[in-house]
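Asks: Dropping in work_2.tsv, with TSV, C-alpha atoms.
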```tsv
chain	number	residue	atom	x	y	z
A	1	MET	CA	69.99	90.01	76.14
A	2	LEU	CA	71.97	91.15	73.14
A	3	THR	CA	71.85	94.74	74.30
A	4	THR	CA	73.31	93.80	77.66
A	5	LEU	CA	76.12	91.91	76.04
A	6	GLN	CA	77.07	94.84	73.90
A	7	LEU	CA	76.91	97.10	76.87
A	8	LEU	CA	79.09	94.78	78.87
A	9	ASP	CA	81.56	94.65	76.03
A	10	ARG	CA	81.76	98.37	76.34
A	11	THR	CA	82.24	97.91	80.06
A	12	LEU	CA	85.25	95.71	79.49
A	13	SER	CA	87.02	98.01	77.08
A	14	SER	CA	86.26	100.96	79.35
A	15	LEU	CA	87.67	99.04	82.25
A	16	ASP	CA	91.06	98.90	80.56
A	17	THR	CA	90.89	102.52	79.56
A	18	PHE	CA	89.98	103.65	83.03
A	19	ASP	CA	92.75	101.66	84.61
A	20	ARG	CA	95.20	103.25	82.22
A	21	LEU	CA	93.79	106.70	82.78
A	22	THR	CA	93.98	106.46	86.53
A	23	ARG	CA	97.57	105.34	86.42
A	24	GLY	CA	98.66	108.53	84.75
A	25	VAL	CA	96.95	110.88	87.17
A	26	GLY	CA	98.72	112.37	90.18
A	27	ALA	CA	101.36	110.78	92.31
A	28	GLU	CA	99.08	108.06	93.60
A	29	ARG	CA	100.25	104.63	92.55
A	30	VAL	CA	97.37	102.61	91.26
A	31	SER	CA	97.82	98.99	90.45
A	32	GLY	CA	94.72	97.42	88.97
A	33	GLY	CA	96.37	94.03	88.90
A	34	ALA	CA	96.42	93.94	92.68
A	35	ALA	CA	92.67	93.52	92.79
A	36	PRO	CA	91.48	91.02	90.17
A	37	VAL	CA	87.84	91.29	89.17
A	38	ASN	CA	85.32	88.77	87.90
A	39	ILE	CA	82.05	89.91	86.35
A	40	PHE	CA	78.98	87.70	86.13
A	41	GLU	CA	75.73	88.35	84.38
A	42	GLY	CA	72.48	87.11	85.83
A	43	GLU	CA	68.85	87.51	84.92
A	44	ARG	CA	68.20	90.23	87.46
A	45	ALA	CA	71.61	91.67	88.19
A	46	VAL	CA	75.21	91.98	87.19
A	47	ILE	CA	77.59	90.78	89.86
A	48	VAL	CA	81.11	92.12	90.26
A	49	GLN	CA	83.54	90.25	92.50
A	50	LEU	CA	86.79	91.89	93.50
A	51	ALA	CA	89.49	90.10	95.47
A	52	ALA	CA	90.75	92.26	98.32
A	53	PRO	CA	92.37	89.96	100.89
A	54	GLY	CA	93.21	91.61	104.18
A	55	VAL	CA	91.28	94.76	103.35
A	56	LYS	CA	88.81	95.95	105.99
A	57	LYS	CA	85.39	97.37	105.27
A	58	GLU	CA	86.55	100.82	106.41
A	59	GLU	CA	89.47	100.72	103.98
A	60	LEU	CA	87.24	100.29	100.92
A	61	GLU	CA	85.59	103.08	99.00
A	62	ILE	CA	82.86	102.57	96.44
A	63	ASN	CA	81.71	105.50	94.35
A	64	VAL	CA	79.38	106.02	91.42
A	65	GLU	CA	79.84	109.17	89.40
A	66	ASP	CA	78.64	109.85	85.87
A	67	ASP	CA	77.86	106.20	85.26
A	68	VAL	CA	81.33	105.17	86.35
A	69	LEU	CA	81.63	102.84	89.30
A	70	THR	CA	84.95	103.03	91.12
A	71	VAL	CA	86.16	100.71	93.85
A	72	SER	CA	89.33	101.77	95.60
A	73	GLY	CA	91.18	100.87	98.72
A	74	ALA	CA	94.54	100.41	100.31
A	75	ARG	CA	96.45	97.68	101.99
A	76	ALA	CA	99.17	98.53	104.44
A	77	ALA	CA	102.58	96.91	104.02
A	78	LYS	CA	103.03	96.49	107.74
A	79	LEU	CA	105.66	94.16	109.06
A	80	PRO	CA	104.62	92.23	112.16
A	81	GLU	CA	106.44	93.86	115.07
A	82	GLY	CA	109.60	92.09	116.16
A	83	TYR	CA	109.74	90.01	112.98
A	84	THR	CA	112.09	90.18	110.02
A	85	ALA	CA	110.91	89.46	106.50
A	86	LEU	CA	112.48	86.42	104.86
A	87	HIS	CA	110.29	86.35	101.78
A	88	ARG	CA	107.58	88.70	100.50
A	89	GLU	CA	105.14	88.29	97.64
A	90	ARG	CA	101.92	89.83	98.94
A	91	ARG	CA	101.12	93.18	97.39
A	92	ALA	CA	100.53	96.31	99.35
A	93	GLY	CA	99.53	99.84	98.50
A	94	ARG	CA	96.57	101.44	96.82
A	95	PHE	CA	94.38	99.83	94.22
A	96	SER	CA	91.56	101.23	92.14
A	97	ARG	CA	89.25	99.72	89.57
A	98	SER	CA	86.67	101.55	87.49
A	99	PHE	CA	83.77	100.29	85.41
A	100	ALA	CA	81.45	102.01	82.98
A	101	LEU	CA	77.90	101.22	83.99
A	102	SER	CA	75.23	100.54	81.47
A	103	ARG	CA	72.03	102.60	81.85
A	104	GLU	CA	70.24	99.34	82.26
A	105	LEU	CA	71.73	98.86	85.71
A	106	ASP	CA	70.34	100.61	88.75
A	107	ALA	CA	73.44	101.83	90.60
A	108	GLY	CA	71.25	103.42	93.27
A	109	ALA	CA	70.03	99.98	94.31
A	110	ALA	CA	73.49	98.42	94.30
A	111	GLU	CA	74.54	96.27	97.24
A	112	ALA	CA	78.05	95.57	98.48
A	113	ARG	CA	79.18	92.70	100.69
A	114	LEU	CA	82.69	91.98	101.92
A	115	GLU	CA	83.30	88.37	102.91
A	116	ASP	CA	86.44	86.24	103.16
A	117	GLY	CA	88.47	88.95	101.43
A	118	VAL	CA	86.13	89.18	98.44
A	119	LEU	CA	83.95	92.21	97.71
A	120	THR	CA	80.72	91.29	95.95
A	121	LEU	CA	78.81	94.09	94.27
A	122	THR	CA	75.30	93.34	93.09
A	123	LEU	CA	74.05	95.78	90.48
A	124	PRO	CA	70.39	95.10	89.81
A	125	ARG	CA	68.91	95.67	86.40
A	126	ARG	CA	66.33	98.41	86.19
A	127	VAL	CA	62.78	97.17	86.12
A	128	VAL	CA	61.37	98.39	82.86
A	129	SER	CA	57.68	98.92	83.09
A	130	ARG	CA	55.85	98.61	79.84
A	131	ARG	CA	52.53	100.20	79.16
A	132	SER	CA	50.68	99.99	75.95
A	133	ILE	CA	48.77	103.03	74.85
A	134	PRO	CA	45.52	102.29	73.18
A	135	VAL	CA	44.91	104.13	70.00
A	136	GLN	CA	41.50	105.69	69.88
A	137	ALA	CA	39.64	106.02	66.71
A	138	ALA	CA	38.64	109.54	65.84
B	139	MET	CA	115.02	82.06	98.09
B	140	SER	CA	113.00	79.16	96.80
B	141	LEU	CA	110.18	78.20	99.13
B	142	ASP	CA	108.22	75.92	96.92
B	143	THR	CA	108.49	72.22	96.55
B	144	ALA	CA	107.69	70.32	93.37
B	145	GLU	CA	104.33	69.35	94.91
B	146	SER	CA	102.71	72.67	94.17
B	147	SER	CA	102.31	72.07	90.45
B	148	ARG	CA	100.70	68.67	90.82
B	149	SER	CA	97.16	69.94	91.34
B	150	LEU	CA	97.22	71.66	87.95
B	151	THR	CA	97.29	68.31	86.22
B	152	ALA	CA	94.52	66.78	88.30
B	153	PRO	CA	91.81	64.95	86.32
B	154	ALA	CA	88.91	67.01	85.05
B	155	GLN	CA	85.85	67.37	87.29
B	156	PRO	CA	82.31	68.48	86.48
B	157	ARG	CA	83.26	71.98	87.56
B	158	PRO	CA	86.71	72.38	86.06
B	159	ARG	CA	89.22	72.74	88.85
B	160	LEU	CA	91.97	75.19	88.49
B	161	ALA	CA	94.46	75.74	91.23
B	162	ALA	CA	96.40	78.94	91.65
B	163	ARG	CA	99.36	79.66	93.90
B	164	PRO	CA	98.50	82.14	96.61
B	165	ARG	CA	100.96	84.97	97.21
B	166	LEU	CA	102.70	84.58	100.54
B	167	ASP	CA	105.08	86.24	102.96
B	168	LEU	CA	107.41	84.57	105.43
B	169	TYR	CA	108.62	86.33	108.56
B	170	GLU	CA	110.93	85.25	111.33
B	171	GLY	CA	110.53	86.22	114.98
B	172	PRO	CA	112.48	85.12	118.05
B	173	ASP	CA	110.09	82.23	118.89
B	174	GLU	CA	108.31	81.46	115.63
B	175	PHE	CA	108.08	81.85	111.88
B	176	LEU	CA	104.99	83.50	110.43
B	177	LEU	CA	103.64	82.42	107.08
B	178	ILE	CA	100.98	84.75	105.70
B	179	ALA	CA	99.10	83.83	102.52
B	180	ASP	CA	96.40	85.67	100.55
B	181	VAL	CA	93.54	83.26	99.97
B	182	PRO	CA	90.52	85.42	99.05
B	183	GLY	CA	87.27	83.52	98.76
B	184	VAL	CA	88.32	80.73	101.11
B	185	ASN	CA	86.57	80.05	104.40
B	186	VAL	CA	87.51	77.75	107.27
B	187	SER	CA	85.28	74.89	106.11
B	188	THR	CA	87.07	74.54	102.77
B	189	LEU	CA	90.63	75.11	103.94
B	190	ASP	CA	93.01	72.22	104.46
B	191	LEU	CA	96.43	72.59	106.02
B	192	GLN	CA	98.95	69.78	106.47
B	193	LEU	CA	102.52	69.57	107.64
B	194	GLU	CA	104.37	66.45	106.60
B	195	ARG	CA	108.11	65.85	106.53
B	196	GLY	CA	108.95	69.51	106.60
B	197	VAL	CA	106.49	70.43	103.84
B	198	LEU	CA	103.46	72.55	104.63
B	199	LYS	CA	100.63	71.98	102.18
B	200	LEU	CA	97.74	74.37	101.99
B	201	ARG	CA	94.67	73.95	99.87
B	202	GLY	CA	91.47	75.92	99.93
B	203	GLU	CA	88.46	75.95	97.70
B	204	ILE	CA	87.40	79.38	96.50
B	205	GLN	CA	83.80	80.01	97.47
B	206	GLY	CA	81.30	82.37	95.99
B	207	THR	CA	81.83	81.68	92.32
B	208	CYS	CA	78.51	82.63	90.81
B	209	GLU	CA	76.37	80.24	88.87
B	210	ASP	CA	75.52	83.09	86.53
B	211	ARG	CA	77.29	83.53	83.23
B	212	ALA	CA	80.77	84.93	83.52
B	213	VAL	CA	81.42	87.86	81.23
B	214	SER	CA	84.88	88.83	82.40
B	215	VAL	CA	87.20	86.65	84.42
B	216	GLU	CA	90.56	87.80	85.72
B	217	GLN	CA	90.62	85.35	88.60
B	218	ARG	CA	90.02	81.98	87.00
B	219	ALA	CA	91.13	79.71	89.83
B	220	THR	CA	88.66	77.60	91.77
B	221	GLU	CA	91.13	76.77	94.50
B	222	TRP	CA	94.32	77.98	96.12
B	223	SER	CA	97.03	75.40	96.45
B	224	ARG	CA	100.65	75.57	97.47
B	225	ALA	CA	103.28	73.43	99.13
B	226	VAL	CA	106.00	75.19	101.02
B	227	THR	CA	109.18	73.85	102.60
B	228	VAL	CA	109.14	75.07	106.17
B	229	PRO	CA	112.35	76.45	107.67
B	230	ASP	CA	114.54	74.10	109.70
B	231	GLY	CA	113.87	73.81	113.41
B	232	VAL	CA	110.08	74.07	113.34
B	233	ASP	CA	108.17	72.22	116.01
B	234	ALA	CA	105.47	70.26	114.14
B	235	GLU	CA	103.36	70.05	117.30
B	236	GLY	CA	103.28	73.79	117.77
B	237	LEU	CA	101.51	74.63	114.51
B	238	ARG	CA	98.70	77.17	114.78
B	239	ALA	CA	96.73	78.91	112.03
B	240	GLU	CA	94.18	81.69	111.71
B	241	LEU	CA	92.00	82.71	108.78
B	242	GLY	CA	90.37	86.10	108.46
B	243	ASP	CA	89.39	88.46	105.61
B	244	GLY	CA	90.83	86.04	103.07
B	245	VAL	CA	94.25	85.99	104.72
B	246	LEU	CA	95.75	82.85	106.24
B	247	THR	CA	98.32	83.24	109.01
B	248	VAL	CA	100.30	80.18	110.08
B	249	HIS	CA	102.38	80.31	113.24
B	250	LEU	CA	105.32	77.91	112.98
B	251	LYS	CA	106.79	77.58	116.44
B	252	LYS	CA	110.52	77.10	116.63
B	253	SER	CA	111.72	74.00	118.39
B	254	ASP	CA	113.68	74.53	121.61
B	255	GLN	CA	116.93	73.69	119.85
B	256	ALA	CA	116.31	76.24	117.11
B	257	ARG	CA	115.59	79.13	119.45
B	258	PRO	CA	118.43	81.55	120.07
B	259	ARG	CA	119.89	81.03	123.48
B	260	ARG	CA	121.93	83.42	125.51
B	261	VAL	CA	125.18	81.87	126.59
B	262	PRO	CA	126.11	82.72	130.17
B	263	ILE	CA	129.66	83.95	130.50
B	264	ALA	CA	131.38	83.44	133.77
B	265	VAL	CA	133.80	86.07	135.00
B	266	ARG	CA	137.03	84.63	136.24
```
When written as structure tokens, how does the structure in this file appear?

Replies:
Amino acid sequence: MLTTLQLLDRTLSSLDTFDRLTRGVGAERVSGGAAPVNIFEGERAVIVQLAAPGVKKEELEINVEDDVLTVSGARAAKLPEGYTALHRERRAGRFSRSFALSRELDAGAAEARLEDGVLTLTLPRRVVSRRSIPVQAA
Amino acid sequence: MSLDTAESSRSLTAPAQPRPRLAARPRLDLYEGPDEFLLIADVPGVNVSTLDLQLERGVLKLRGEIQGTCEDRAVSVEQRATEWSRAVTVPDGVDAEGLRAELGDGVLTVHLKKSDQARPRRVPIAVR
């Protein structure tokens, strides 16, 4: 359990770093704050929940590369036709969040579900099989 | 433009519950069309069964419980709220009977129909 905690601590600091890194690259505007993330740790998996209201399944991209999980997407700032805006607070544009994955998690078996504007990623822990090797007397 | 009424901060001081309740104000847009106003609010994690919408004396109150908060241990929380709550003063000339709302993908859309008096009317001009 302690190992996981340390690894997740690393995840958190990396999360900040990655957000900062992405912001500086290219012309693409990336606002991490537009998609708040909660991370939960369970016995069998780590669960990442990302709020993405109004974002369709097709508009989300989830990638794993070099132990870095990246969720990105875009939300159009479309004005309903024939309407004028009186007040606007909802954010639009691209968002991207990255997380360093611990080796303990099996990204290949990850599952993603989008429901009520919340993306839930389930990252199962790897099943470690233990085998004891008998020592034979000479 | 100030949309909010004093009501919206009340829920923050609500008495403690077994699962600590924390209300957050959803971000919202307000649009005006010829026949109606459109109020669009981001309420991720809310589904129809936990959403409550009320219009009373020109104040629209919305409250929705955020579903899907895991029982597992939280290691990083950026979205702390357990419910969305906001009270908004609706524009003048809204027909309370003609209120209609839709919820999809964590976005609430409220159609506020204008009353007949509030709708723009073309004035016929007679040629003499």

Asks: Based on only C-alpha atoms, which of the residues in chain B come within 9 Å of chain A? I want them as number ranges by chain.

Replies: B: 139, 141, 164-172, 175-176, 178-185, 205-218, 241-245

Asks: I'd like the contact shell of stretch 227-229 of chain B - 12 Å cut-off, all atoms listed in the file, skipping same-chain residues fewer than 3 positions apart - returned as a ChimeraX atom specification.

Replies: /A:86-87 /B:139-146,168-170,174-177,192-200,224,232-234,237,248-253,256

Asks: Report, in Å with one decimal, the straight-line distance from atom CA of B:Glu221 to atom CA of B:Asp190.

Replies: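 One can read the atom CA of B:Glu221 to atom CA of B:Asp190 distance as 11.1 Å.
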
Asks: Box for stretch 75-83 of chain A: with edges along x, y and z, all listed atoms inside and 4 Å added on each side, what are the centre and edge lengths in Å to one decimal, as lines of an AutoDock Vina configuration file?

Replies:
```
center_x = 103.1
center_y = 94.3
center_z = 109.1
size_x = 21.3
size_y = 16.5
size_z = 22.2
```

Asks: Between atom CA of A:Ala92 and atom CA of A:Leu123, what is the distance, to one decimal in Å?

Replies: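 Answer for the atom CA of A:Ala92 to atom CA of A:Leu123 separation: 27.9 Å.
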
Asks: Between atom CA of B:Arg159 and atom CA of B:Leu189, what is the distance, to one decimal in Å?

Replies: 15.3 Å

Asks: I'd like to know which of A:Leu69, A:Ala109, A:Ala100, A:Val64 is closest to A:Pro124, using all atoms listed in the file.

Replies: A:Ala109

Asks: Given the block above, output stretch 213-230 of chain B with N, CA and C atoms as a PDB file, in the first residue's frame.

Replies:
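Saved result, result-v8.pdb, follows:
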```pdb
ATOM      1  N   VAL B 213      -7.401  10.269  -3.512  1.00  0.00           N
ATOM      2  CA  VAL B 213      -5.999  10.655  -3.396  1.00  0.00           C
ATOM      3  C   VAL B 213      -5.744  12.050  -3.949  1.00  0.00           C
ATOM      4  N   SER B 214      -6.595  12.479  -4.850  1.00  0.00           N
ATOM      5  CA  SER B 214      -6.458  13.835  -5.376  1.00  0.00           C
ATOM      6  C   SER B 214      -7.843  14.333  -5.750  1.00  0.00           C
ATOM      7  N   VAL B 215      -8.228  15.451  -5.192  1.00  0.00           N
ATOM      8  CA  VAL B 215      -9.577  15.955  -5.434  1.00  0.00           C
ATOM      9  C   VAL B 215      -9.514  17.410  -5.895  1.00  0.00           C
ATOM     10  N   GLU B 216      -9.916  17.637  -7.102  1.00  0.00           N
ATOM     11  CA  GLU B 216     -10.004  19.011  -7.616  1.00  0.00           C
ATOM     12  C   GLU B 216     -11.456  19.479  -7.621  1.00  0.00           C
ATOM     13  N   GLN B 217     -12.345  18.505  -7.710  1.00  0.00           N
ATOM     14  CA  GLN B 217     -13.777  18.792  -7.709  1.00  0.00           C
ATOM     15  C   GLN B 217     -14.346  18.219  -6.410  1.00  0.00           C
ATOM     16  N   ARG B 218     -14.462  19.081  -5.419  1.00  0.00           N
ATOM     17  CA  ARG B 218     -14.817  18.633  -4.082  1.00  0.00           C
ATOM     18  C   ARG B 218     -16.331  18.557  -3.858  1.00  0.00           C
ATOM     19  N   ALA B 219     -17.073  19.290  -4.661  1.00  0.00           N
ATOM     20  CA  ALA B 219     -18.507  19.444  -4.424  1.00  0.00           C
ATOM     21  C   ALA B 219     -19.268  18.125  -4.526  1.00  0.00           C
ATOM     22  N   THR B 220     -20.301  18.002  -3.719  1.00  0.00           N
ATOM     23  CA  THR B 220     -21.179  16.837  -3.794  1.00  0.00           C
ATOM     24  C   THR B 220     -22.508  17.217  -4.432  1.00  0.00           C
ATOM     25  N   GLU B 221     -22.715  18.505  -4.631  1.00  0.00           N
ATOM     26  CA  GLU B 221     -23.929  18.923  -5.328  1.00  0.00           C
ATOM     27  C   GLU B 221     -23.726  20.270  -6.019  1.00  0.00           C
ATOM     28  N   TRP B 222     -24.495  20.484  -7.051  1.00  0.00           N
ATOM     29  CA  TRP B 222     -24.535  21.758  -7.743  1.00  0.00           C
ATOM     30  C   TRP B 222     -25.741  22.518  -7.229  1.00  0.00           C
ATOM     31  N   SER B 223     -25.574  23.782  -6.957  1.00  0.00           N
ATOM     32  CA  SER B 223     -26.706  24.540  -6.443  1.00  0.00           C
ATOM     33  C   SER B 223     -26.568  26.002  -6.854  1.00  0.00           C
ATOM     34  N   ARG B 224     -27.644  26.543  -7.377  1.00  0.00           N
ATOM     35  CA  ARG B 224     -27.596  27.951  -7.762  1.00  0.00           C
ATOM     36  C   ARG B 224     -29.013  28.506  -7.862  1.00  0.00           C
ATOM     37  N   ALA B 225     -29.155  29.746  -7.510  1.00  0.00           N
ATOM     38  CA  ALA B 225     -30.437  30.433  -7.647  1.00  0.00           C
ATOM     39  C   ALA B 225     -30.220  31.636  -8.549  1.00  0.00           C
ATOM     40  N   VAL B 226     -31.042  31.718  -9.556  1.00  0.00           N
ATOM     41  CA  VAL B 226     -30.851  32.730 -10.581  1.00  0.00           C
ATOM     42  C   VAL B 226     -32.130  33.556 -10.752  1.00  0.00           C
ATOM     43  N   THR B 227     -31.989  34.851 -10.824  1.00  0.00           N
ATOM     44  CA  THR B 227     -33.138  35.714 -11.089  1.00  0.00           C
ATOM     45  C   THR B 227     -33.445  35.640 -12.587  1.00  0.00           C
ATOM     46  N   VAL B 228     -34.638  35.204 -12.912  1.00  0.00           N
ATOM     47  CA  VAL B 228     -34.953  35.075 -14.333  1.00  0.00           C
ATOM     48  C   VAL B 228     -35.306  36.450 -14.904  1.00  0.00           C
ATOM     49  N   PRO B 229     -35.057  36.636 -16.203  1.00  0.00           N
ATOM     50  CA  PRO B 229     -35.362  37.939 -16.795  1.00  0.00           C
ATOM     51  C   PRO B 229     -36.862  38.250 -16.695  1.00  0.00           C
ATOM     52  N   ASP B 230     -37.176  39.521 -16.760  1.00  0.00           N
ATOM     53  CA  ASP B 230     -38.587  39.939 -16.708  1.00  0.00           C
ATOM     54  C   ASP B 230     -39.343  39.375 -17.908  1.00  0.00           C
TER      55      ASP B 230
END
```
